[in-house]
>>> print(open('my_file_7.cif').read())   # mmCIF, N, CA and C atoms
data_coords
#
loop_
_atom_site.label_atom_id
_atom_site.label_comp_id
_atom_site.auth_asym_id
_atom_site.auth_seq_id
_atom_site.Cartn_x
_atom_site.Cartn_y
_atom_site.Cartn_z
N GLU A 4 -11.92 26.55 -10.25
CA GLU A 4 -12.40 25.20 -10.59
C GLU A 4 -11.28 24.20 -10.35
N VAL A 5 -11.63 23.14 -9.63
CA VAL A 5 -10.66 22.08 -9.37
C VAL A 5 -10.41 21.29 -10.65
N GLN A 6 -9.16 21.15 -11.01
CA GLN A 6 -8.80 20.35 -12.18
C GLN A 6 -7.66 19.41 -11.85
N LEU A 7 -7.81 18.18 -12.30
CA LEU A 7 -6.76 17.17 -12.18
C LEU A 7 -6.53 16.58 -13.57
N VAL A 8 -5.28 16.58 -14.00
CA VAL A 8 -4.96 16.08 -15.33
C VAL A 8 -3.87 15.03 -15.21
N GLU A 9 -4.25 13.78 -15.48
CA GLU A 9 -3.31 12.67 -15.43
C GLU A 9 -2.61 12.51 -16.77
N SER A 10 -1.38 12.03 -16.72
CA SER A 10 -0.63 11.75 -17.94
C SER A 10 0.40 10.66 -17.65
N GLY A 11 0.97 10.14 -18.72
CA GLY A 11 2.05 9.16 -18.59
C GLY A 11 1.66 7.73 -18.85
N GLY A 12 0.39 7.48 -19.11
CA GLY A 12 -0.03 6.11 -19.39
C GLY A 12 0.41 5.66 -20.77
N GLY A 13 0.13 4.40 -21.07
CA GLY A 13 0.48 3.87 -22.38
C GLY A 13 0.50 2.36 -22.37
N LEU A 14 1.05 1.81 -23.43
CA LEU A 14 1.19 0.36 -23.59
C LEU A 14 2.59 -0.04 -23.18
N VAL A 15 2.69 -1.01 -22.31
CA VAL A 15 3.99 -1.46 -21.82
C VAL A 15 3.98 -2.98 -21.71
N GLN A 16 5.12 -3.60 -21.91
CA GLN A 16 5.22 -5.04 -21.78
C GLN A 16 5.28 -5.45 -20.31
N PRO A 17 4.85 -6.66 -20.01
CA PRO A 17 5.00 -7.15 -18.62
C PRO A 17 6.45 -7.01 -18.16
N GLY A 18 6.60 -6.55 -16.92
CA GLY A 18 7.93 -6.30 -16.37
C GLY A 18 8.43 -4.89 -16.58
N GLY A 19 7.72 -4.13 -17.40
CA GLY A 19 8.13 -2.77 -17.69
C GLY A 19 7.73 -1.77 -16.62
N SER A 20 8.05 -0.52 -16.89
CA SER A 20 7.77 0.55 -15.93
C SER A 20 7.09 1.73 -16.61
N LEU A 21 6.33 2.45 -15.81
CA LEU A 21 5.73 3.71 -16.25
C LEU A 21 5.72 4.66 -15.06
N ARG A 22 5.75 5.94 -15.35
CA ARG A 22 5.57 6.95 -14.32
C ARG A 22 4.41 7.84 -14.70
N LEU A 23 3.39 7.82 -13.87
CA LEU A 23 2.23 8.66 -14.10
C LEU A 23 2.38 9.96 -13.33
N SER A 24 1.82 11.00 -13.91
CA SER A 24 1.79 12.31 -13.26
C SER A 24 0.36 12.81 -13.19
N CYS A 25 0.11 13.65 -12.22
CA CYS A 25 -1.20 14.27 -12.08
C CYS A 25 -0.97 15.75 -11.74
N ALA A 26 -1.33 16.60 -12.66
CA ALA A 26 -1.18 18.04 -12.46
C ALA A 26 -2.47 18.59 -11.87
N ALA A 27 -2.35 19.27 -10.75
CA ALA A 27 -3.52 19.78 -10.04
C ALA A 27 -3.59 21.30 -10.11
N SER A 28 -4.80 21.82 -10.16
CA SER A 28 -5.00 23.26 -10.15
C SER A 28 -6.38 23.57 -9.59
N GLY A 29 -6.56 24.82 -9.17
CA GLY A 29 -7.87 25.27 -8.70
C GLY A 29 -8.11 25.10 -7.22
N PHE A 30 -7.12 24.59 -6.50
CA PHE A 30 -7.24 24.44 -5.05
C PHE A 30 -5.84 24.45 -4.46
N LYS A 31 -5.77 24.57 -3.13
CA LYS A 31 -4.47 24.64 -2.47
C LYS A 31 -3.94 23.21 -2.29
N PHE A 32 -3.26 22.75 -3.31
CA PHE A 32 -2.79 21.37 -3.42
C PHE A 32 -2.03 20.92 -2.19
N SER A 33 -1.18 21.79 -1.65
CA SER A 33 -0.27 21.38 -0.58
C SER A 33 -0.97 21.06 0.72
N THR A 34 -2.26 21.36 0.82
CA THR A 34 -2.97 21.14 2.07
C THR A 34 -3.95 19.97 2.01
N TYR A 35 -4.00 19.28 0.88
CA TYR A 35 -4.98 18.21 0.70
C TYR A 35 -4.33 16.84 0.60
N ASP A 36 -5.01 15.86 1.21
CA ASP A 36 -4.71 14.47 0.86
C ASP A 36 -5.00 14.28 -0.62
N MET A 37 -4.17 13.48 -1.26
CA MET A 37 -4.40 13.10 -2.65
C MET A 37 -4.40 11.58 -2.74
N ARG A 38 -5.03 11.07 -3.76
CA ARG A 38 -5.16 9.61 -3.86
C ARG A 38 -4.95 9.17 -5.30
N TRP A 39 -4.32 8.03 -5.46
CA TRP A 39 -4.29 7.32 -6.74
C TRP A 39 -5.29 6.18 -6.66
N VAL A 40 -6.12 6.07 -7.69
CA VAL A 40 -7.08 4.99 -7.78
C VAL A 40 -7.02 4.43 -9.19
N ARG A 41 -7.56 3.24 -9.39
CA ARG A 41 -7.61 2.67 -10.73
C ARG A 41 -8.89 1.87 -10.92
N GLN A 42 -9.23 1.72 -12.19
CA GLN A 42 -10.39 0.91 -12.53
C GLN A 42 -10.04 0.03 -13.71
N ALA A 43 -10.03 -1.27 -13.46
CA ALA A 43 -9.76 -2.24 -14.51
C ALA A 43 -11.05 -2.51 -15.28
N PRO A 44 -10.93 -3.02 -16.51
CA PRO A 44 -12.13 -3.31 -17.30
C PRO A 44 -13.09 -4.23 -16.57
N GLY A 45 -14.34 -3.82 -16.47
CA GLY A 45 -15.36 -4.64 -15.84
C GLY A 45 -15.29 -4.73 -14.33
N LYS A 46 -14.43 -3.92 -13.70
CA LYS A 46 -14.27 -3.98 -12.25
C LYS A 46 -14.54 -2.62 -11.62
N GLY A 47 -14.64 -2.63 -10.32
CA GLY A 47 -14.88 -1.39 -9.61
C GLY A 47 -13.60 -0.60 -9.37
N LEU A 48 -13.78 0.55 -8.76
CA LEU A 48 -12.65 1.43 -8.48
C LEU A 48 -11.83 0.85 -7.32
N GLU A 49 -10.52 0.86 -7.47
CA GLU A 49 -9.63 0.39 -6.41
C GLU A 49 -8.77 1.56 -5.93
N TRP A 50 -8.70 1.74 -4.62
CA TRP A 50 -7.76 2.70 -4.08
C TRP A 50 -6.37 2.08 -4.11
N ILE A 51 -5.36 2.88 -4.49
CA ILE A 51 -3.99 2.38 -4.50
C ILE A 51 -3.20 3.00 -3.35
N PHE A 52 -3.08 4.32 -3.37
CA PHE A 52 -2.36 5.04 -2.33
C PHE A 52 -3.11 6.32 -1.96
N THR A 53 -2.98 6.70 -0.70
CA THR A 53 -3.32 8.04 -0.26
C THR A 53 -2.03 8.72 0.15
N ILE A 54 -1.83 9.95 -0.35
CA ILE A 54 -0.61 10.70 -0.05
C ILE A 54 -1.01 11.94 0.72
N GLY A 55 -0.53 12.06 1.95
CA GLY A 55 -0.86 13.19 2.79
C GLY A 55 -0.17 14.47 2.34
N PRO A 56 -0.59 15.61 2.88
CA PRO A 56 0.00 16.89 2.47
C PRO A 56 1.53 16.93 2.63
N GLY A 57 2.05 16.26 3.63
CA GLY A 57 3.49 16.26 3.86
C GLY A 57 4.22 15.16 3.14
N GLY A 58 3.51 14.36 2.37
CA GLY A 58 4.14 13.31 1.58
C GLY A 58 4.04 11.91 2.17
N GLY A 59 3.47 11.80 3.36
CA GLY A 59 3.29 10.48 3.92
C GLY A 59 2.33 9.65 3.08
N VAL A 60 2.69 8.38 2.88
CA VAL A 60 1.93 7.53 1.95
C VAL A 60 1.27 6.39 2.71
N THR A 61 -0.01 6.19 2.45
CA THR A 61 -0.75 5.04 2.95
C THR A 61 -1.09 4.15 1.78
N SER A 62 -0.72 2.88 1.90
CA SER A 62 -0.98 1.93 0.82
C SER A 62 -2.30 1.21 1.07
N HIS A 63 -3.08 1.04 0.03
CA HIS A 63 -4.39 0.39 0.16
C HIS A 63 -4.49 -0.91 -0.62
N LEU A 64 -3.52 -1.21 -1.46
CA LEU A 64 -3.64 -2.34 -2.38
C LEU A 64 -2.41 -3.22 -2.26
N SER A 65 -2.60 -4.39 -1.66
CA SER A 65 -1.44 -5.25 -1.40
C SER A 65 -0.79 -5.76 -2.67
N SER A 66 -1.55 -5.84 -3.74
CA SER A 66 -1.01 -6.42 -4.98
C SER A 66 0.06 -5.54 -5.63
N VAL A 67 0.16 -4.29 -5.22
CA VAL A 67 1.17 -3.41 -5.84
C VAL A 67 2.33 -3.11 -4.90
N GLN A 68 2.25 -3.63 -3.67
CA GLN A 68 3.33 -3.35 -2.72
C GLN A 68 4.66 -3.89 -3.23
N GLY A 69 5.69 -3.06 -3.09
CA GLY A 69 7.01 -3.42 -3.57
C GLY A 69 7.23 -3.13 -5.05
N ARG A 70 6.17 -2.76 -5.75
CA ARG A 70 6.29 -2.46 -7.19
C ARG A 70 5.92 -1.01 -7.52
N PHE A 71 4.95 -0.47 -6.82
CA PHE A 71 4.49 0.90 -7.08
C PHE A 71 4.88 1.79 -5.91
N THR A 72 5.20 3.03 -6.22
CA THR A 72 5.43 4.03 -5.19
C THR A 72 4.73 5.33 -5.60
N ALA A 73 4.33 6.10 -4.61
CA ALA A 73 3.64 7.36 -4.87
C ALA A 73 4.39 8.49 -4.19
N SER A 74 4.33 9.65 -4.80
CA SER A 74 4.97 10.83 -4.22
C SER A 74 4.27 12.08 -4.73
N ARG A 75 4.64 13.19 -4.17
CA ARG A 75 4.06 14.47 -4.59
C ARG A 75 5.14 15.54 -4.53
N ASP A 76 4.95 16.57 -5.36
CA ASP A 76 5.80 17.74 -5.34
C ASP A 76 4.88 18.94 -5.15
N ASN A 77 4.81 19.43 -3.92
CA ASN A 77 3.88 20.52 -3.63
C ASN A 77 4.27 21.81 -4.33
N ALA A 78 5.55 21.99 -4.62
CA ALA A 78 5.97 23.19 -5.33
C ALA A 78 5.47 23.19 -6.77
N LYS A 79 5.25 21.99 -7.32
CA LYS A 79 4.79 21.87 -8.70
C LYS A 79 3.32 21.48 -8.80
N ASN A 80 2.66 21.36 -7.64
CA ASN A 80 1.24 20.93 -7.64
C ASN A 80 1.05 19.65 -8.44
N THR A 81 1.94 18.70 -8.23
CA THR A 81 1.93 17.48 -9.03
C THR A 81 2.07 16.25 -8.15
N LEU A 82 1.30 15.25 -8.52
CA LEU A 82 1.31 13.94 -7.87
C LEU A 82 1.93 12.93 -8.84
N TYR A 83 2.65 11.97 -8.27
CA TYR A 83 3.32 10.98 -9.13
C TYR A 83 2.99 9.56 -8.69
N LEU A 84 3.00 8.66 -9.66
CA LEU A 84 2.88 7.23 -9.38
C LEU A 84 3.93 6.51 -10.22
N GLN A 85 4.93 5.97 -9.56
CA GLN A 85 5.96 5.18 -10.23
C GLN A 85 5.55 3.72 -10.18
N MET A 86 5.45 3.10 -11.34
CA MET A 86 4.99 1.72 -11.44
C MET A 86 6.09 0.89 -12.08
N ASN A 87 6.60 -0.06 -11.33
CA ASN A 87 7.64 -0.96 -11.82
C ASN A 87 7.12 -2.40 -11.85
N SER A 88 7.84 -3.24 -12.56
CA SER A 88 7.48 -4.67 -12.64
C SER A 88 6.00 -4.85 -12.94
N LEU A 89 5.54 -4.14 -13.94
CA LEU A 89 4.12 -4.16 -14.27
C LEU A 89 3.66 -5.54 -14.72
N LYS A 90 2.42 -5.86 -14.35
CA LYS A 90 1.81 -7.14 -14.69
C LYS A 90 0.56 -6.89 -15.53
N THR A 91 0.13 -7.93 -16.23
CA THR A 91 -1.06 -7.76 -17.07
C THR A 91 -2.27 -7.33 -16.24
N GLU A 92 -2.31 -7.78 -15.00
CA GLU A 92 -3.46 -7.42 -14.15
C GLU A 92 -3.43 -5.98 -13.66
N ASP A 93 -2.37 -5.26 -13.98
CA ASP A 93 -2.32 -3.83 -13.67
C ASP A 93 -3.00 -2.99 -14.75
N THR A 94 -3.43 -3.64 -15.83
CA THR A 94 -4.14 -2.93 -16.89
C THR A 94 -5.40 -2.28 -16.33
N ALA A 95 -5.49 -0.96 -16.50
CA ALA A 95 -6.60 -0.21 -15.92
C ALA A 95 -6.50 1.24 -16.37
N VAL A 96 -7.55 1.98 -16.10
CA VAL A 96 -7.49 3.43 -16.17
C VAL A 96 -7.09 3.94 -14.79
N TYR A 97 -6.07 4.76 -14.75
CA TYR A 97 -5.54 5.28 -13.49
C TYR A 97 -5.96 6.74 -13.33
N TYR A 98 -6.45 7.04 -12.14
CA TYR A 98 -6.93 8.38 -11.83
C TYR A 98 -6.24 8.92 -10.58
N CYS A 99 -6.07 10.21 -10.55
CA CYS A 99 -5.78 10.85 -9.26
C CYS A 99 -7.09 11.47 -8.76
N GLU A 100 -7.16 11.60 -7.46
CA GLU A 100 -8.42 11.99 -6.83
C GLU A 100 -8.14 12.89 -5.64
N VAL A 101 -9.02 13.85 -5.42
CA VAL A 101 -8.92 14.71 -4.24
C VAL A 101 -10.30 14.80 -3.59
N PRO A 102 -10.36 14.63 -2.27
CA PRO A 102 -11.61 14.85 -1.57
C PRO A 102 -11.82 16.35 -1.42
N TYR A 103 -12.79 16.91 -2.13
CA TYR A 103 -12.93 18.36 -2.17
C TYR A 103 -14.40 18.72 -2.15
N GLY A 104 -14.75 19.63 -1.26
CA GLY A 104 -16.12 20.11 -1.22
C GLY A 104 -17.14 19.03 -0.95
N GLY A 105 -16.77 18.04 -0.18
CA GLY A 105 -17.70 16.97 0.15
C GLY A 105 -17.81 15.87 -0.89
N SER A 106 -17.04 15.96 -1.93
CA SER A 106 -17.08 14.91 -2.93
C SER A 106 -15.65 14.52 -3.31
N ARG A 107 -15.54 13.49 -4.11
CA ARG A 107 -14.23 13.04 -4.60
C ARG A 107 -14.10 13.47 -6.05
N VAL A 108 -13.15 14.33 -6.30
CA VAL A 108 -12.95 14.85 -7.66
C VAL A 108 -11.82 14.08 -8.31
N ARG A 109 -12.06 13.58 -9.49
CA ARG A 109 -11.04 12.84 -10.23
C ARG A 109 -10.78 13.51 -11.57
N GLY A 110 -9.63 13.21 -12.13
CA GLY A 110 -9.34 13.66 -13.47
C GLY A 110 -9.97 12.75 -14.50
N GLN A 111 -9.54 12.91 -15.76
CA GLN A 111 -10.12 12.11 -16.84
C GLN A 111 -9.48 10.72 -16.90
N GLY A 112 -8.38 10.55 -16.20
CA GLY A 112 -7.71 9.27 -16.17
C GLY A 112 -6.72 9.09 -17.29
N THR A 113 -5.82 8.15 -17.09
CA THR A 113 -4.86 7.78 -18.12
C THR A 113 -4.82 6.26 -18.21
N GLN A 114 -4.89 5.76 -19.44
CA GLN A 114 -4.98 4.31 -19.66
C GLN A 114 -3.59 3.69 -19.56
N VAL A 115 -3.50 2.64 -18.78
CA VAL A 115 -2.29 1.82 -18.71
C VAL A 115 -2.66 0.43 -19.19
N THR A 116 -1.96 -0.03 -20.21
CA THR A 116 -2.20 -1.36 -20.75
C THR A 116 -0.89 -2.14 -20.68
N VAL A 117 -0.94 -3.25 -19.99
CA VAL A 117 0.24 -4.10 -19.85
C VAL A 117 -0.01 -5.37 -20.66
N SER A 118 0.74 -5.52 -21.72
CA SER A 118 0.50 -6.63 -22.62
C SER A 118 1.76 -6.91 -23.43
N SER A 119 1.95 -8.19 -23.74
CA SER A 119 3.07 -8.55 -24.60
C SER A 119 2.63 -8.60 -26.05
#
>>> encode(input="my_file_7.cif", output="structure tokens")
Amino acid sequence: EVQLVESGGGLVQPGGSLRLSCAASGFKFSTYDMRWVRQAPGKGLEWIFTIGPGGGVTSHLSSVQGRFTASRDNAKNTLYLQMNSLKTEDTAVYYCEVPYGGSRVRGQGTQVTVSS
């Protein structure tokens, strides 16, 4: 069974940083594209980054460029999202996602709240 478990979210002040992790199991992690996505209150899902099996990163969201970075550790079956200079508009539930078996599988998400 494919499982994705996000962690590392929380409440942070504007300008702060967080590092999210996504632990993957149930599939051969090192051979799949992985994706970070987020959903803000009342809004649709936004793609943030796609990370290829070799670690190459494609950015999909201009509003986080220069502030967020994504990486993966295939030896640990773990995906990371480093978020710096956080803004109130970054408040959202953050998910990792894998295209698997013809569908997009996501974890339960981790809440990030940016507020003073």
>>> closest_residue(input="my_file_7.cif", among="A:Tyr103, A:Tyr98, A:Phe30, A:Trp50", to="Glu9 (chain A)", atoms="only N, CA and C atoms")
A:Tyr98
>>> atom_distance(input="my_file_7.cif", atom1="CA of Leu14 (chain A)", atom2="CA of Thr116 (chain A)")
4.7 Å
>>> closest_residue(input="my_file_7.cif", among="A:Arg75, A:Tyr35, A:Pro102, A:Val15", to="Val115 (chain A)", atoms="only C-alpha atoms")
A:Val15
>>> resolve_selection(input="my_file_7.cif", expression="the PyMOL selection byres ((chain A and resi 74) around 8)", output="PyMOL selection string")
chain A and resi 54+58-60+71-73+75-77+81-85
>>> resolve_selection(input="my_file_7.cif", expression="the PyMOL selection byres ((chain A and resi 89) around 6)", output="PDB file with N, CA and C atoms, keeping the file's coordinate frame")
ATOM      1  N   GLN A  16       5.120  -3.600 -21.910  1.00  0.00           N
ATOM      2  CA  GLN A  16       5.220  -5.040 -21.780  1.00  0.00           C
ATOM      3  C   GLN A  16       5.280  -5.450 -20.310  1.00  0.00           C
ATOM      4  N   PRO A  17       4.850  -6.660 -20.010  1.00  0.00           N
ATOM      5  CA  PRO A  17       5.000  -7.150 -18.620  1.00  0.00           C
ATOM      6  C   PRO A  17       6.450  -7.010 -18.160  1.00  0.00           C
ATOM      7  N   GLY A  18       6.600  -6.550 -16.920  1.00  0.00           N
ATOM      8  CA  GLY A  18       7.930  -6.300 -16.370  1.00  0.00           C
ATOM      9  C   GLY A  18       8.430  -4.890 -16.580  1.00  0.00           C
ATOM     10  N   GLY A  19       7.720  -4.130 -17.400  1.00  0.00           N
ATOM     11  CA  GLY A  19       8.130  -2.770 -17.690  1.00  0.00           C
ATOM     12  C   GLY A  19       7.730  -1.770 -16.620  1.00  0.00           C
ATOM     13  N   SER A  20       8.050  -0.520 -16.890  1.00  0.00           N
ATOM     14  CA  SER A  20       7.770   0.550 -15.930  1.00  0.00           C
ATOM     15  C   SER A  20       7.090   1.730 -16.610  1.00  0.00           C
ATOM     16  N   MET A  86       5.450   3.100 -11.340  1.00  0.00           N
ATOM     17  CA  MET A  86       4.990   1.720 -11.440  1.00  0.00           C
ATOM     18  C   MET A  86       6.090   0.890 -12.080  1.00  0.00           C
ATOM     19  N   ASN A  87       6.600  -0.060 -11.330  1.00  0.00           N
ATOM     20  CA  ASN A  87       7.640  -0.960 -11.820  1.00  0.00           C
ATOM     21  C   ASN A  87       7.120  -2.400 -11.850  1.00  0.00           C
ATOM     22  N   SER A  88       7.840  -3.240 -12.560  1.00  0.00           N
ATOM     23  CA  SER A  88       7.480  -4.670 -12.640  1.00  0.00           C
ATOM     24  C   SER A  88       6.000  -4.850 -12.940  1.00  0.00           C
ATOM     25  N   LYS A  90       2.420  -5.860 -14.350  1.00  0.00           N
ATOM     26  CA  LYS A  90       1.810  -7.140 -14.690  1.00  0.00           C
ATOM     27  C   LYS A  90       0.560  -6.890 -15.530  1.00  0.00           C
ATOM     28  N   THR A  91       0.130  -7.930 -16.230  1.00  0.00           N
ATOM     29  CA  THR A  91      -1.060  -7.760 -17.070  1.00  0.00           C
ATOM     30  C   THR A  91      -2.270  -7.330 -16.240  1.00  0.00           C
TER      31      THR A  91
END
>>> select_by_dssp(input="my_file_7.cif", residues="chain A", states="strand (DSSP E)", output="PyMOL selection string")
chain A and resi 6-10+13-15+21-28+37-42+48-54+60-62+71-76+81-86+95-103+106-109+113-117
>>> atom_distance(input="my_file_7.cif", atom1="CA of Ala26 (chain A)", atom2="CA of Pro56 (chain A)")
15.0 Å
>>> residues_around(input="my_file_7.cif", residues="Ser62 (chain A)", least_positions_apart="3", cutoff="9 Å", atoms="only C-alpha atoms", output="list in words")
Trp50, Ile51, Phe52, Thr53, Ile54, Ser65, Val67 and Gln68 of chain A
>>> write_last_selection(input="my_file_7.cif", atoms="N, CA and C atoms", output="PDB file, keeping the file's coordinate frame")
ATOM      1  N   TRP A  50      -8.700   1.740  -4.620  1.00  0.00           N
ATOM      2  CA  TRP A  50      -7.760   2.700  -4.080  1.00  0.00           C
ATOM      3  C   TRP A  50      -6.370   2.080  -4.110  1.00  0.00           C
ATOM      4  N   ILE A  51      -5.360   2.880  -4.490  1.00  0.00           N
ATOM      5  CA  ILE A  51      -3.990   2.380  -4.500  1.00  0.00           C
ATOM      6  C   ILE A  51      -3.200   3.000  -3.350  1.00  0.00           C
ATOM      7  N   PHE A  52      -3.080   4.320  -3.370  1.00  0.00           N
ATOM      8  CA  PHE A  52      -2.360   5.040  -2.330  1.00  0.00           C
ATOM      9  C   PHE A  52      -3.110   6.320  -1.960  1.00  0.00           C
ATOM     10  N   THR A  53      -2.980   6.700  -0.700  1.00  0.00           N
ATOM     11  CA  THR A  53      -3.320   8.040  -0.260  1.00  0.00           C
ATOM     12  C   THR A  53      -2.030   8.720   0.150  1.00  0.00           C
ATOM     13  N   ILE A  54      -1.830   9.950  -0.350  1.00  0.00           N
ATOM     14  CA  ILE A  54      -0.610  10.700  -0.050  1.00  0.00           C
ATOM     15  C   ILE A  54      -1.010  11.940   0.720  1.00  0.00           C
ATOM     16  N   SER A  65      -2.600  -4.390  -1.660  1.00  0.00           N
ATOM     17  CA  SER A  65      -1.440  -5.250  -1.400  1.00  0.00           C
ATOM     18  C   SER A  65      -0.790  -5.760  -2.670  1.00  0.00           C
ATOM     19  N   VAL A  67       0.160  -4.290  -5.220  1.00  0.00           N
ATOM     20  CA  VAL A  67       1.170  -3.410  -5.840  1.00  0.00           C
ATOM     21  C   VAL A  67       2.330  -3.110  -4.900  1.00  0.00           C
ATOM     22  N   GLN A  68       2.250  -3.630  -3.670  1.00  0.00           N
ATOM     23  CA  GLN A  68       3.330  -3.350  -2.720  1.00  0.00           C
ATOM     24  C   GLN A  68       4.660  -3.890  -3.230  1.00  0.00           C
TER      25      GLN A  68
END
>>> atom_distance(input="my_file_7.cif", atom1="CA of Ser28 (chain A)", atom2="atom C of Ser10 (chain A)")
15.6 Å
>>> closest_residue(input="my_file_7.cif", among="A:Thr94, A:Gly45, A:His63, A:Cys25", to="Gly11 (chain A)", atoms="all atoms listed in the file")
A:Cys25
>>> resolve_selection(input="my_file_7.cif", expression="the PyMOL selection byres ((chain A and resi 41) around 8)", output="list of chain:residue names")
A:Arg38, A:Trp39, A:Val40, A:Gln42, A:Ala43, A:Pro44, A:Lys46, A:Gly47, A:Leu48, A:Glu49, A:Trp50, A:Ile51, A:Phe52, A:Thr94, A:Ala95, A:Val96, A:Tyr97, A:Tyr98, A:Cys99
>>> closest_residue(input="my_file_7.cif", among="A:Leu7, A:Ser118, A:Gly13, A:Arg70", to="Val101 (chain A)", atoms="only N, CA and C atoms")
A:Leu7
>>> axis_aligned_box(input="my_file_7.cif", around="region 33-44 of chain A", padding_each_side="6 Å", output="lines of an AutoDock Vina configuration file")
center_x = -6.7
center_y = 8.8
center_z = -7.6
size_x = 24.8
size_y = 38.0
size_z = 31.4
>>> closest_residue(input="my_file_7.cif", among="A:Leu64, A:Glu100, A:Gly12, A:Gly29", to="Gln114 (chain A)", atoms="all atoms listed in the file")
A:Gly12
>>> closest_residue(input="my_file_7.cif", among="A:Thr113, A:Ser106, A:Ser119, A:Thr61", to="Arg22 (chain A)", atoms="only C-alpha atoms")
A:Thr113
